[in-house]
file final.tsv (TSV, C-alpha atoms and all ligand atoms)
chain	number	residue	atom	x	y	z
W	1	MET	CA	87.56	50.18	-40.91
W	2	PRO	CA	88.14	48.90	-37.37
W	3	ARG	CA	86.77	45.50	-36.42
W	4	GLN	CA	83.00	45.33	-36.15
W	5	TYR	CA	81.24	43.20	-33.56
W	6	HIS	CA	77.75	41.87	-34.18
W	7	HIS	CA	77.61	39.09	-31.60
W	8	LEU	CA	79.99	40.12	-28.83
W	9	THR	CA	78.43	42.88	-26.74
W	10	PRO	CA	80.64	45.63	-25.30
W	11	GLU	CA	80.24	43.84	-21.94
W	12	ASP	CA	81.34	40.51	-23.48
W	13	ARG	CA	84.45	42.13	-24.94
W	14	ALA	CA	85.34	43.93	-21.73
W	15	HIS	CA	84.82	40.74	-19.70
W	16	PHE	CA	86.97	38.65	-22.03
W	17	LEU	CA	89.78	41.21	-22.01
W	18	GLU	CA	89.71	41.54	-18.24
W	19	HIS	CA	89.13	37.94	-17.17
W	20	GLY	CA	90.24	35.86	-20.17
W	21	TRP	CA	86.92	34.02	-20.41
W	22	LEU	CA	83.28	34.46	-21.30
W	23	ARG	CA	80.04	32.66	-20.40
W	24	VAL	CA	77.37	32.08	-23.04
W	25	PRO	CA	74.24	30.79	-21.29
W	26	SER	CA	71.97	28.12	-22.80
W	27	SER	CA	73.90	27.85	-26.03
W	28	ILE	CA	74.09	24.08	-26.62
W	29	LYS	CA	71.08	22.83	-28.54
W	30	LYS	CA	69.01	20.58	-26.29
W	31	LYS	CA	68.78	17.88	-28.94
W	32	TYR	CA	72.53	17.28	-28.65
W	33	ILE	CA	72.48	17.29	-24.87
W	34	ASP	CA	69.69	14.71	-24.89
W	35	ALA	CA	71.05	12.54	-27.69
W	36	TRP	CA	74.64	12.46	-26.54
W	37	LEU	CA	73.83	11.89	-22.87
W	38	SER	CA	71.29	9.18	-23.69
W	39	ASP	CA	73.80	6.33	-23.68
W	40	MET	CA	76.55	7.82	-21.54
W	41	TRP	CA	75.99	5.32	-18.74
W	42	VAL	CA	76.13	2.43	-21.20
W	43	ARG	CA	79.43	3.78	-22.49
W	44	LEU	CA	80.70	4.15	-18.95
W	45	GLY	CA	79.62	0.63	-18.00
W	46	MET	CA	78.07	2.04	-14.83
W	47	ASP	CA	74.58	2.29	-13.38
W	48	GLU	CA	73.38	5.87	-13.06
W	49	ASN	CA	71.28	4.91	-10.05
W	50	ASP	CA	73.79	2.74	-8.23
W	51	LYS	CA	76.78	4.71	-7.04
W	52	THR	CA	78.59	1.54	-5.99
W	53	THR	CA	79.21	1.04	-9.73
W	54	TRP	CA	80.89	4.46	-10.01
W	55	ASN	CA	84.34	3.03	-9.76
W	56	THR	CA	86.35	6.15	-10.44
W	57	GLU	CA	86.32	9.81	-9.47
W	58	TYR	CA	87.09	11.27	-12.89
W	59	LEU	CA	87.00	9.95	-16.44
W	60	LYS	CA	87.66	11.21	-19.96
W	61	LEU	CA	85.76	9.50	-22.77
W	62	PRO	CA	86.49	9.30	-26.51
W	63	ARG	CA	84.21	10.78	-29.14
W	64	HIS	CA	81.58	8.78	-31.03
W	65	ARG	CA	79.48	11.59	-32.55
W	66	GLU	CA	80.34	15.01	-33.78
W	67	GLU	CA	78.54	17.87	-35.48
W	68	LYS	CA	79.78	21.17	-36.84
W	69	ALA	CA	80.53	23.56	-34.00
W	70	GLU	CA	78.02	26.17	-35.18
W	71	GLU	CA	75.29	23.52	-35.24
W	72	VAL	CA	76.00	22.39	-31.65
W	73	CYS	CA	76.16	25.83	-29.98
W	74	PRO	CA	75.26	28.55	-32.52
W	75	GLU	CA	75.35	31.65	-30.33
W	76	ALA	CA	78.62	30.67	-28.64
W	77	TRP	CA	80.13	29.88	-32.04
W	78	GLU	CA	79.35	33.37	-33.37
W	79	LYS	CA	81.06	34.88	-30.34
W	80	MET	CA	84.07	32.57	-30.69
W	81	CYS	CA	84.49	33.63	-34.30
W	82	GLU	CA	84.48	37.30	-33.35
W	83	LEU	CA	87.04	36.71	-30.58
W	84	VAL	CA	89.51	35.33	-33.14
W	85	GLY	CA	88.80	37.84	-35.90
W	86	GLY	CA	86.14	36.04	-37.92
W	87	GLU	CA	85.28	32.59	-39.16
W	88	GLU	CA	87.74	32.97	-42.03
W	89	MET	CA	90.55	32.86	-39.45
W	90	VAL	CA	89.43	29.45	-38.16
W	91	ASP	CA	91.09	26.26	-39.38
W	92	PRO	CA	88.44	24.73	-41.65
W	93	VAL	CA	89.25	21.16	-40.63
W	94	ARG	CA	90.89	20.79	-37.26
W	95	GLU	CA	88.30	20.66	-34.45
W	96	ARG	CA	85.61	22.26	-36.60
W	97	TYR	CA	83.27	19.57	-35.24
W	98	TYR	CA	82.22	19.33	-31.59
W	99	GLY	CA	81.13	16.10	-30.02
W	100	ASP	CA	80.53	13.81	-27.08
W	101	GLN	CA	84.05	13.36	-25.72
W	102	PHE	CA	82.70	13.75	-22.22
W	103	ILE	CA	84.73	14.50	-19.15
W	104	VAL	CA	82.84	13.13	-16.18
W	105	ASN	CA	83.65	14.22	-12.64
W	106	PHE	CA	81.78	11.91	-10.25
W	107	GLY	CA	83.28	13.06	-6.99
W	108	THR	CA	83.26	10.55	-4.16
W	109	GLU	CA	81.18	9.82	-1.06
W	110	GLU	CA	84.17	10.74	1.04
W	111	LEU	CA	84.44	14.17	-0.60
W	112	ALA	CA	80.71	14.67	-0.14
W	113	ARG	CA	81.02	13.87	3.58
W	114	SER	CA	83.94	16.21	4.00
W	115	LYS	CA	83.31	19.87	4.58
W	116	ALA	CA	86.47	20.72	2.68
W	117	LYS	CA	86.74	23.74	0.41
W	118	VAL	CA	88.74	24.07	-2.78
W	119	ASP	CA	92.31	25.25	-2.19
W	120	TYR	CA	93.20	26.55	-5.65
W	121	HIS	CA	96.91	26.75	-5.00
W	122	ALA	CA	97.00	23.11	-3.89
W	123	LEU	CA	95.12	21.71	-6.90
W	124	PRO	CA	97.21	19.47	-9.15
W	125	GLY	CA	96.98	19.50	-12.91
W	126	TRP	CA	96.99	23.18	-13.80
W	127	HIS	CA	97.61	23.46	-17.54
W	128	CYS	CA	96.67	24.99	-20.88
W	129	ASP	CA	95.21	22.83	-23.65
W	130	ASN	CA	98.24	22.71	-25.89
W	131	ASP	CA	99.26	19.07	-26.03
W	132	TRP	CA	99.34	18.78	-29.84
W	133	TYR	CA	101.75	21.48	-30.91
W	134	ARG	CA	104.94	23.37	-30.13
W	135	SER	CA	103.92	26.46	-28.15
W	136	PHE	CA	105.18	29.93	-28.96
W	137	VAL	CA	103.76	33.25	-27.82
W	138	ASP	CA	101.98	33.65	-31.16
W	139	SER	CA	100.77	30.04	-31.43
W	140	SER	CA	97.11	29.92	-32.33
W	141	ASN	CA	96.90	26.17	-32.94
W	142	ASN	CA	94.57	26.45	-30.01
W	143	ALA	CA	93.09	29.92	-29.72
W	144	LEU	CA	90.13	29.12	-27.50
W	145	THR	CA	89.54	26.36	-25.00
W	146	VAL	CA	85.80	25.78	-24.86
W	147	ILE	CA	83.86	24.21	-22.00
W	148	LEU	CA	80.53	22.74	-23.06
W	149	CYS	CA	78.40	22.09	-19.98
W	150	PHE	CA	76.13	19.11	-20.50
W	151	THR	CA	74.84	19.06	-16.91
W	152	ASP	CA	74.22	21.73	-14.30
W	153	ILE	CA	77.35	22.50	-12.32
W	154	PRO	CA	76.41	23.86	-8.90
W	155	ALA	CA	78.88	25.47	-6.49
W	156	SER	CA	81.26	22.83	-5.07
W	157	GLY	CA	80.19	20.55	-7.92
W	158	GLY	CA	83.52	20.08	-9.65
W	159	GLY	CA	83.41	23.08	-11.99
W	160	THR	CA	86.66	23.89	-13.80
W	161	ALA	CA	88.93	26.34	-11.94
W	162	LEU	CA	90.38	29.23	-13.92
W	163	ALA	CA	93.47	31.15	-12.80
W	164	GLU	CA	92.76	34.55	-14.32
W	165	ASP	CA	96.11	36.15	-13.55
W	166	SER	CA	97.95	33.12	-14.97
W	167	LEU	CA	97.25	34.33	-18.48
W	168	LYS	CA	99.68	37.24	-18.22
W	169	MET	CA	102.38	35.04	-16.72
W	170	TRP	CA	101.98	32.29	-19.32
W	171	CYS	CA	102.25	34.91	-22.08
W	172	GLU	CA	105.44	36.21	-20.45
W	173	THR	CA	106.83	32.67	-20.16
W	174	LEU	CA	106.15	31.96	-23.83
W	175	PHE	CA	107.62	35.28	-24.90
W	176	ALA	CA	110.78	34.61	-22.89
W	177	ASN	CA	111.23	31.20	-24.59
W	178	PRO	CA	111.58	31.75	-28.33
W	179	ALA	CA	112.50	28.06	-28.82
W	180	GLY	CA	108.95	27.16	-27.78
W	181	PHE	CA	107.78	24.24	-25.64
W	182	ASP	CA	106.90	20.75	-26.78
W	183	PRO	CA	104.35	18.50	-25.08
W	184	PRO	CA	104.31	16.93	-22.58
W	185	TYR	CA	105.02	20.19	-20.77
W	186	ASP	CA	107.18	20.55	-17.70
W	187	LYS	CA	104.58	20.81	-14.92
W	188	GLN	CA	106.91	23.05	-12.97
W	189	LEU	CA	106.33	25.78	-15.56
W	190	TYR	CA	102.70	25.84	-14.57
W	191	SER	CA	103.10	25.35	-10.82
W	192	ASP	CA	105.55	28.25	-10.63
W	193	ILE	CA	102.89	30.46	-12.20
W	194	ILE	CA	100.02	29.18	-10.06
W	195	ALA	CA	102.03	29.81	-6.88
W	196	LYS	CA	101.97	33.51	-7.79
W	197	CYS	CA	98.27	33.67	-8.80
W	198	THR	CA	95.70	35.37	-6.61
W	199	LYS	CA	92.70	35.68	-8.89
W	200	PHE	CA	90.80	32.42	-9.30
W	201	SER	CA	87.33	31.76	-10.70
W	202	GLN	CA	85.41	28.51	-10.70
W	203	ILE	CA	82.78	27.52	-13.19
W	204	GLU	CA	79.17	27.22	-12.07
W	205	ALA	CA	76.71	26.53	-14.84
W	206	LYS	CA	73.37	25.37	-16.09
W	207	ALA	CA	73.22	22.53	-18.59
W	208	GLY	CA	73.66	24.06	-22.04
W	209	ASP	CA	75.99	26.87	-20.97
W	210	VAL	CA	79.23	27.35	-22.89
W	211	PHE	CA	82.36	28.90	-21.42
W	212	ILE	CA	84.88	30.30	-23.87
W	213	THR	CA	88.39	30.79	-22.50
W	214	HIS	CA	91.56	32.21	-24.03
W	215	SER	CA	93.78	29.20	-24.59
W	216	PHE	CA	96.62	30.76	-22.55
W	217	LEU	CA	94.46	30.80	-19.42
W	218	LEU	CA	95.59	28.07	-16.99
W	219	HIS	CA	92.81	25.86	-15.67
W	220	THR	CA	92.30	22.60	-13.83
W	221	GLN	CA	89.68	20.24	-12.49
W	222	THR	CA	88.32	20.71	-8.97
W	223	PRO	CA	86.97	18.14	-6.51
W	224	ASN	CA	83.28	17.41	-6.89
W	225	PHE	CA	81.96	17.59	-3.34
W	226	LEU	CA	78.41	16.75	-4.41
W	227	ASN	CA	79.03	13.18	-5.68
W	228	TYR	CA	76.92	13.54	-8.82
W	229	ALA	CA	78.00	13.04	-12.45
W	230	ARG	CA	79.17	16.41	-13.72
W	231	VAL	CA	79.51	16.22	-17.51
W	232	ILE	CA	81.42	18.61	-19.75
W	233	ALA	CA	83.33	18.43	-23.04
W	234	ASN	CA	86.38	20.50	-23.96
W	235	PRO	CA	86.66	21.24	-27.67
W	236	HIS	CA	88.78	24.08	-29.04
W	237	VAL	CA	89.02	26.68	-31.77
W	238	ASN	CA	92.14	26.26	-33.92
W	239	LEU	CA	93.27	28.99	-36.30
W	240	ARG	CA	94.76	28.73	-39.78
W	241	GLU	CA	97.67	31.11	-39.10
W	242	PRO	CA	99.69	32.18	-36.06
W	243	TYR	CA	98.54	35.32	-34.29
W	244	ASN	CA	99.71	38.56	-35.83
W	245	LEU	CA	101.19	40.49	-32.94
W	246	ASN	CA	102.55	43.28	-35.08
W	247	ARG	CA	99.71	44.69	-37.17
W	248	SER	CA	100.53	47.89	-38.98
W	249	ASN	CA	97.01	49.25	-38.44
W	250	GLY	CA	96.93	48.17	-34.77
W	251	ASP	CA	93.54	46.53	-35.27
W	252	TYR	CA	94.10	43.38	-33.23
W	253	THR	CA	91.67	40.57	-32.54
W	254	LEU	CA	90.59	40.23	-28.91
W	255	CYS	CA	92.67	37.05	-28.56
W	256	GLU	CA	95.73	38.92	-29.82
W	257	GLN	CA	94.99	41.99	-27.70
W	258	ILE	CA	95.01	39.92	-24.51
W	259	ILE	CA	98.49	38.65	-25.33
W	260	LEU	CA	99.79	42.09	-26.18
W	261	ASN	CA	98.28	43.66	-23.06
W	262	SER	CA	99.85	40.87	-20.99
W	263	LEU	CA	103.26	41.61	-22.46
W	264	GLY	CA	102.99	45.35	-21.88
W	265	HIS	CA	102.97	46.07	-25.62
W	266	PRO	CA	99.31	46.86	-26.32
W	267	ALA	CA	100.12	48.41	-29.70
W	268	GLY	CA	102.13	45.38	-30.90
W	269	ILE	CA	105.44	43.61	-30.36
W	270	PRO	CA	108.28	45.21	-32.31
W	271	ILE	CA	109.76	42.59	-34.66
W	272	SER	CA	113.19	43.18	-33.12
W	273	LEU	CA	111.90	41.82	-29.79
W	274	TYR	CA	110.55	38.56	-31.16
W	275	ASN	CA	112.92	36.00	-32.56
W	276	GLN	CA	111.39	32.53	-32.69
W	277	THR	CA	114.29	30.06	-32.97
W	278	ARG	CA	112.60	26.77	-33.95
W	279	PRO	CA	110.03	25.85	-36.58
W	280	ARG	CA	106.42	25.23	-35.70
W	281	ALA	CA	105.31	21.64	-35.16
W	282	VAL	CA	102.04	19.75	-34.78
W	283	TYR	CA	101.66	16.33	-33.13
W	284	TYR	CA	99.18	13.65	-32.14
W	285	PRO	CA	97.19	15.13	-29.21
W	286	ASN	CA	98.93	13.78	-26.17
W	287	SER	CA	95.86	13.25	-24.00
W	288	SER	CA	93.82	11.46	-26.66
W	289	TRP	CA	95.61	8.13	-26.41
W	290	ALA	CA	94.08	7.16	-23.07
W	291	LYS	CA	90.59	8.23	-24.20
W	292	ARG	CA	90.84	6.18	-27.37
W	293	GLU	CA	91.91	3.11	-25.46
W	294	ARG	CA	88.30	2.99	-24.25
W	295	ILE	CA	86.73	2.73	-27.71
W	296	PRO	CA	86.49	-1.08	-28.14
W	297	GLY	CA	85.02	-1.50	-24.64
W	298	GLU	CA	82.50	1.31	-25.12
W	299	LEU	CA	81.46	0.02	-28.54
W	300	ALA	CA	80.98	-3.50	-27.21
W	301	ARG	CA	78.69	-2.18	-24.46
W	302	MET	CA	76.75	0.04	-26.90
W	303	LEU	CA	76.21	-2.89	-29.25
W	304	ALA	CA	75.23	-5.25	-26.44
W	305	ASP	CA	72.76	-2.66	-25.13
W	306	ALA	CA	71.18	-2.31	-28.58
W	307	LYS	CA	70.85	-6.07	-28.85
W	308	ARG	CA	69.22	-6.22	-25.40
W	309	ARG	CA	66.64	-3.75	-26.69
W	310	GLY	CA	66.01	-5.83	-29.82
W	311	LEU	CA	67.95	-3.46	-32.08
W	312	GLY	CA	70.72	-4.17	-34.53
W	313	PRO	CA	74.23	-2.68	-34.84
W	314	ASP	CA	72.84	-0.06	-37.27
W	315	SER	CA	71.01	1.58	-34.38
W	316	VAL	CA	74.30	2.39	-32.62
W	317	ASP	CA	75.45	5.90	-33.43
W	318	SER	CA	79.23	5.93	-33.51
W	319	VAL	CA	81.73	7.14	-36.08
W	320	TYR	CA	83.61	3.89	-35.50
W	321	LEU	CA	80.70	2.01	-37.11
W	322	LYS	CA	80.28	4.30	-40.11
W	323	GLY	CA	82.99	2.95	-42.36
W	324	ASP	CA	86.52	3.86	-43.33
W	325	GLU	CA	85.74	7.18	-45.00
W	326	ALA	CA	83.89	8.61	-42.00
W	327	LEU	CA	86.57	7.39	-39.63
W	328	LYS	CA	89.33	8.84	-41.73
W	329	GLU	CA	87.67	12.25	-41.66
W	330	HIS	CA	87.16	11.98	-37.91
W	331	GLU	CA	90.85	11.16	-37.43
W	332	TRP	CA	91.85	14.04	-39.66
W	333	ARG	CA	89.63	16.54	-37.84
W	334	ASN	CA	91.03	15.50	-34.50
W	335	GLY	CA	94.70	15.17	-35.37
W	336	TYR	CA	94.82	11.39	-34.89
W	337	ASP	CA	96.66	11.11	-38.20
W	338	LYS	CA	99.65	12.94	-36.72
W	339	ALA	CA	102.74	11.33	-35.23
W	340	ALA	CA	103.60	11.71	-31.55
W	341	GLY	CA	105.88	14.57	-30.57
W	342	PRO	CA	109.55	14.22	-29.68
W	343	GLY	CA	108.67	13.64	-26.02
W	344	GLY	CA	106.39	10.72	-26.86
W	345	LEU	CA	103.09	10.41	-25.05
W	346	GLY	CA	103.09	10.87	-21.29
W	347	LEU	CA	100.59	8.46	-19.83
W	348	GLY	CA	100.35	8.30	-16.08
W	349	GLY	CA	104.02	9.17	-15.84
W	350	ALA	CA	105.07	6.51	-18.37
W	351	MET	CA	106.36	7.56	-21.76
W	352	ILE	CA	105.49	5.48	-24.76
W	353	ASN	CA	106.85	5.72	-28.24
W	354	GLY	CA	108.83	8.80	-29.02
W	355	THR	CA	109.69	7.53	-32.46
W	356	GLY	CA	106.98	9.20	-34.45
W	357	VAL	CA	104.72	6.26	-35.28
W	358	PRO	CA	101.27	7.51	-36.33
W	359	TYR	CA	99.00	6.70	-33.43
W	360	GLY	CA	95.83	6.58	-35.48
W	361	GLU	CA	96.98	3.19	-36.73
W	362	ASN	CA	97.02	1.88	-33.19
W	363	HIS	CA	93.35	2.56	-32.67
W	364	VAL	CA	91.80	0.74	-35.59
W	365	VAL	CA	88.73	-1.00	-34.20
W	366	ASP	CA	87.79	-4.47	-35.48
W	367	VAL	CA	84.17	-3.59	-36.20
W	368	LYS	CA	83.35	-7.01	-37.73
W	369	LYS	CA	84.51	-8.81	-34.62
W	370	LEU	CA	82.57	-6.46	-32.37
W	371	THR	CA	79.33	-6.62	-34.34
W	372	SER	CA	79.45	-10.43	-34.70
W	373	ALA	CA	79.98	-10.75	-30.95
W	374	SER	CA	77.01	-8.56	-30.12
L	1	FE	FE	92.28	21.49	-20.14
call {"tool": "encode", "arguments": {"input": "final.tsv", "output": "structure tokens"}}
result
Amino acid sequence: MPRQYHHLTPEDRAHFLEHGWLRVPSSIKKKYIDAWLSDMWVRLGMDENDKTTWNTEYLKLPRHREEKAEEVCPEAWEKMCELVGGEEMVDPVRERYYGDQFIVNFGTEELARSKAKVDYHALPGWHCDNDWYRSFVDSSNNALTVILCFTDIPASGGGTALAEDSLKMWCETLFANPAGFDPPYDKQLYSDIIAKCTKFSQIEAKAGDVFITHSFLLHTQTPNFLNYARVIANPHVNLREPYNLNRSNGDYTLCEQIILNSLGHPAGIPISLYNQTRPRAVYYPNSSWAKRERIPGELARMLADAKRRGLGPDSVDSVYLKGDEALKEHEWRNGYDKAAGPGGLGLGGAMINGTGVPYGENHVVDVKKLTSAS
């Protein structure tokens, strides 16, 4: 029997196949928006009401809390599962929990004063979220890049830009490179594609909306011309097995069908055309290092804030204060137990450690010291 869809409408399916993304309005439960945003400014070390304390334009935070994906955004989760062929296709561990690893785009006063418009071709940082594995055309380590919107995102408010016609070109690039690509990726690969793109979309949202994008869709941040704190998080859906791009019954998942359509083989890629030449590989997520460097500072501020309010360390909700077992699971779910890839970690242009040392060990937080200081 062909695939049945109970949560994706015919319009959802057509939109995803044509554009590579899907919007699910009001899907994040309000209790998580409220709870996770409640101490964001404490974590940031900034004053929400005093923009002189907003000392950066853009910041990525680590994760302190996480809940199962279907608990955070139930309707979006059901649709995500159908896009990949069912929940049984989803990796039961990796990124099965979504959390408060916020990405805050503050904009600047200068941007707000300017009357500039986004020039999509000139934006830096176009990429796919694939910094923790070797990428092949059938790699499903990341099948879906998800954008959880924790605040409204008005027009010109720093919503993520999506290059819709990049998806086809990235599929073609992957297909033409059977040795795969390791992170950090050569930025030229992406800029060559973006130079040829003509079909851009930019996210506008209400708090609670979820955008689901095919992981091969190139995207990037845009300037926030409104100088407010735009807050999103970017979890993913990882699959257990690589995509099957040669199904004998032709009944492909929507994620697979997009790839096949892009390659001009909608009925499947003949085995003779696909000859992957290197093994698959999974690494520590390249971009997580910088986020996790913030943990001790954030925890110290969260604990100090609790103390100021007459509360003890127990009142602070963070996986880093929940003991070794909880932390171990968190590390496991997020790939922090993996070693860095052969290219090391690219941080602001500097490479550190390409020798394969597990990075999780470098982010052990001295909880005793922090709690006794608070
Ligand atoms: Fe991204």
call {"tool": "residues_near_ligand", "arguments": {"input": "final.tsv", "ligand": "ligand FE 1 (chain L)", "cutoff": "9 Å", "atoms": "only C-alpha atoms and all ligand atoms", "output": "number ranges by chain"}}
result
W: 125-130, 145, 160, 218-221, 234
call {"tool": "write_last_selection", "arguments": {"input": "final.tsv", "atoms": "C-alpha atoms", "output": "tab-separated table (two decimals), in the coordinates of the input"}}
result
chain	number	residue	atom	x	y	z
W	125	GLY	CA	96.98	19.50	-12.91
W	126	TRP	CA	96.99	23.18	-13.80
W	127	HIS	CA	97.61	23.46	-17.54
W	128	CYS	CA	96.67	24.99	-20.88
W	129	ASP	CA	95.21	22.83	-23.65
W	130	ASN	CA	98.24	22.71	-25.89
W	145	THR	CA	89.54	26.36	-25.00
W	160	THR	CA	86.66	23.89	-13.80
W	218	LEU	CA	95.59	28.07	-16.99
W	219	HIS	CA	92.81	25.86	-15.67
W	220	THR	CA	92.30	22.60	-13.83
W	221	GLN	CA	89.68	20.24	-12.49
W	234	ASN	CA	86.38	20.50	-23.96
call {"tool": "residues_around", "arguments": {"input": "final.tsv", "residues": "Trp132 (chain W)", "least_positions_apart": "5", "cutoff": "7 Å", "atoms": "all atoms listed in the file", "output": "ChimeraX atom specification"}}
result
/W:183,282-286
call {"tool": "write_last_selection", "arguments": {"input": "final.tsv", "atoms": "C-alpha atoms", "output": "tab-separated table (two decimals), in the frame of the given file"}}
result
chain	number	residue	atom	x	y	z
W	183	PRO	CA	104.35	18.50	-25.08
W	282	VAL	CA	102.04	19.75	-34.78
W	283	TYR	CA	101.66	16.33	-33.13
W	284	TYR	CA	99.18	13.65	-32.14
W	285	PRO	CA	97.19	15.13	-29.21
W	286	ASN	CA	98.93	13.78	-26.17
call {"tool": "residues_around", "arguments": {"input": "final.tsv", "residues": "Tyr5 (chain W)", "least_positions_apart": "3", "cutoff": "9 Å", "atoms": "all atoms listed in the file", "output": "list in words"}}
result
Leu8, Thr9, Pro10, Lys79 and Glu82 of chain W
call {"tool": "atom_distance", "arguments": {"input": "final.tsv", "atom1": "CA of Tyr190 (chain W)", "atom2": "CA of Tyr97 (chain W)"}}
result
29.1 Å
call {"tool": "closest_residue", "arguments": {"input": "final.tsv", "among": "W:Arg94, W:Lys51, W:His7, W:Lys187", "to": "Lys338 (chain W)", "atoms": "only C-alpha atoms"}}
result
W:Arg94
call {"tool": "closest_residue", "arguments": {"input": "final.tsv", "among": "W:Ser135, W:Ser140, W:Ser215, W:Ser262", "to": "Asp165 (chain W)", "atoms": "all atoms listed in the file"}}
result
W:Ser262
call {"tool": "closest_atom_pairs", "arguments": {"input": "final.tsv", "of": "region 184-236 of chain W", "to": "region 104-122 of chain W", "cutoff": "6 Å", "atoms": "only C-alpha atoms", "output": "tab-separated table"}}
result
residue	atom	partner	partner_atom	distance
W:Asn224	CA	W:Gly107	CA	4.4
W:Phe225	CA	W:Ala112	CA	4.5
W:Leu226	CA	W:Ala112	CA	5.3
W:Asn227	CA	W:Gly107	CA	4.4
W:Tyr228	CA	W:Phe106	CA	5.3
W:Ala229	CA	W:Phe106	CA	4.5
W:Arg230	CA	W:Asn105	CA	5.1
W:Val231	CA	W:Val104	CA	4.7
call {"tool": "atom_distance", "arguments": {"input": "final.tsv", "atom1": "CA of Ala300 (chain W)", "atom2": "CA of Glu331 (chain W)"}}
result
20.4 Å
call {"tool": "closest_residue", "arguments": {"input": "final.tsv", "among": "W:Glu11, W:Ser191, W:Phe102, W:Pro342", "to": "Pro124 (chain W)", "atoms": "all atoms listed in the file"}}
result
W:Ser191
call {"tool": "residues_around", "arguments": {"input": "final.tsv", "residues": "region 239-243 of chain W", "least_positions_apart": "6", "cutoff": "7 Å", "atoms": "all atoms listed in the file", "output": "list of chain:residue names"}}
result
W:Met89, W:Val90, W:Asp91, W:Asp138, W:Ser139, W:Ser140, W:Asn141, W:Asn142, W:Ala143, W:Glu256
call {"tool": "atom_distance", "arguments": {"input": "final.tsv", "atom1": "CA of Ile232 (chain W)", "atom2": "CA of Cys149 (chain W)"}}
result
4.6 Å
call {"tool": "closest_residue", "arguments": {"input": "final.tsv", "among": "W:Lys322, W:His236, W:Lys206, W:Lys168", "to": "Tyr98 (chain W)", "atoms": "only C-alpha atoms"}}
result
W:His236
call {"tool": "closest_residue", "arguments": {"input": "final.tsv", "among": "W:Met80, W:Asp152, W:Cys171, W:Gln188", "to": "Gln257 (chain W)", "atoms": "all atoms listed in the file"}}
result
W:Cys171
call {"tool": "residues_around", "arguments": {"input": "final.tsv", "residues": "Asp34 (chain W)", "least_positions_apart": "5", "cutoff": "12 Å", "atoms": "all atoms listed in the file", "output": "PyMOL selection string"}}
result
chain W and resi 28-29+39-40+100+150-151+207-208
call {"tool": "closest_residue", "arguments": {"input": "final.tsv", "among": "W:Leu59, W:Ala306, W:Val24, W:Val84", "to": "Tyr252 (chain W)", "atoms": "all atoms listed in the file"}}
result
W:Val84
call {"tool": "residues_around", "arguments": {"input": "final.tsv", "residues": "Val210 (chain W)", "least_positions_apart": "5", "cutoff": "7 Å", "atoms": "all atoms listed in the file", "output": "list in words"}}
result
Arg23, Val24, Pro25, Ser27, Ala76, Ile147, Leu148 and Cys149 of chain W
call {"tool": "axis_aligned_box", "arguments": {"input": "final.tsv", "around": "region 7-19 of chain W", "padding_each_side": "8 Å", "output": "lines of an AutoDock Vina configuration file"}}
result
center_x = 83.7
center_y = 41.8
center_z = -24.4
size_x = 28.2
size_y = 23.7
size_z = 30.4
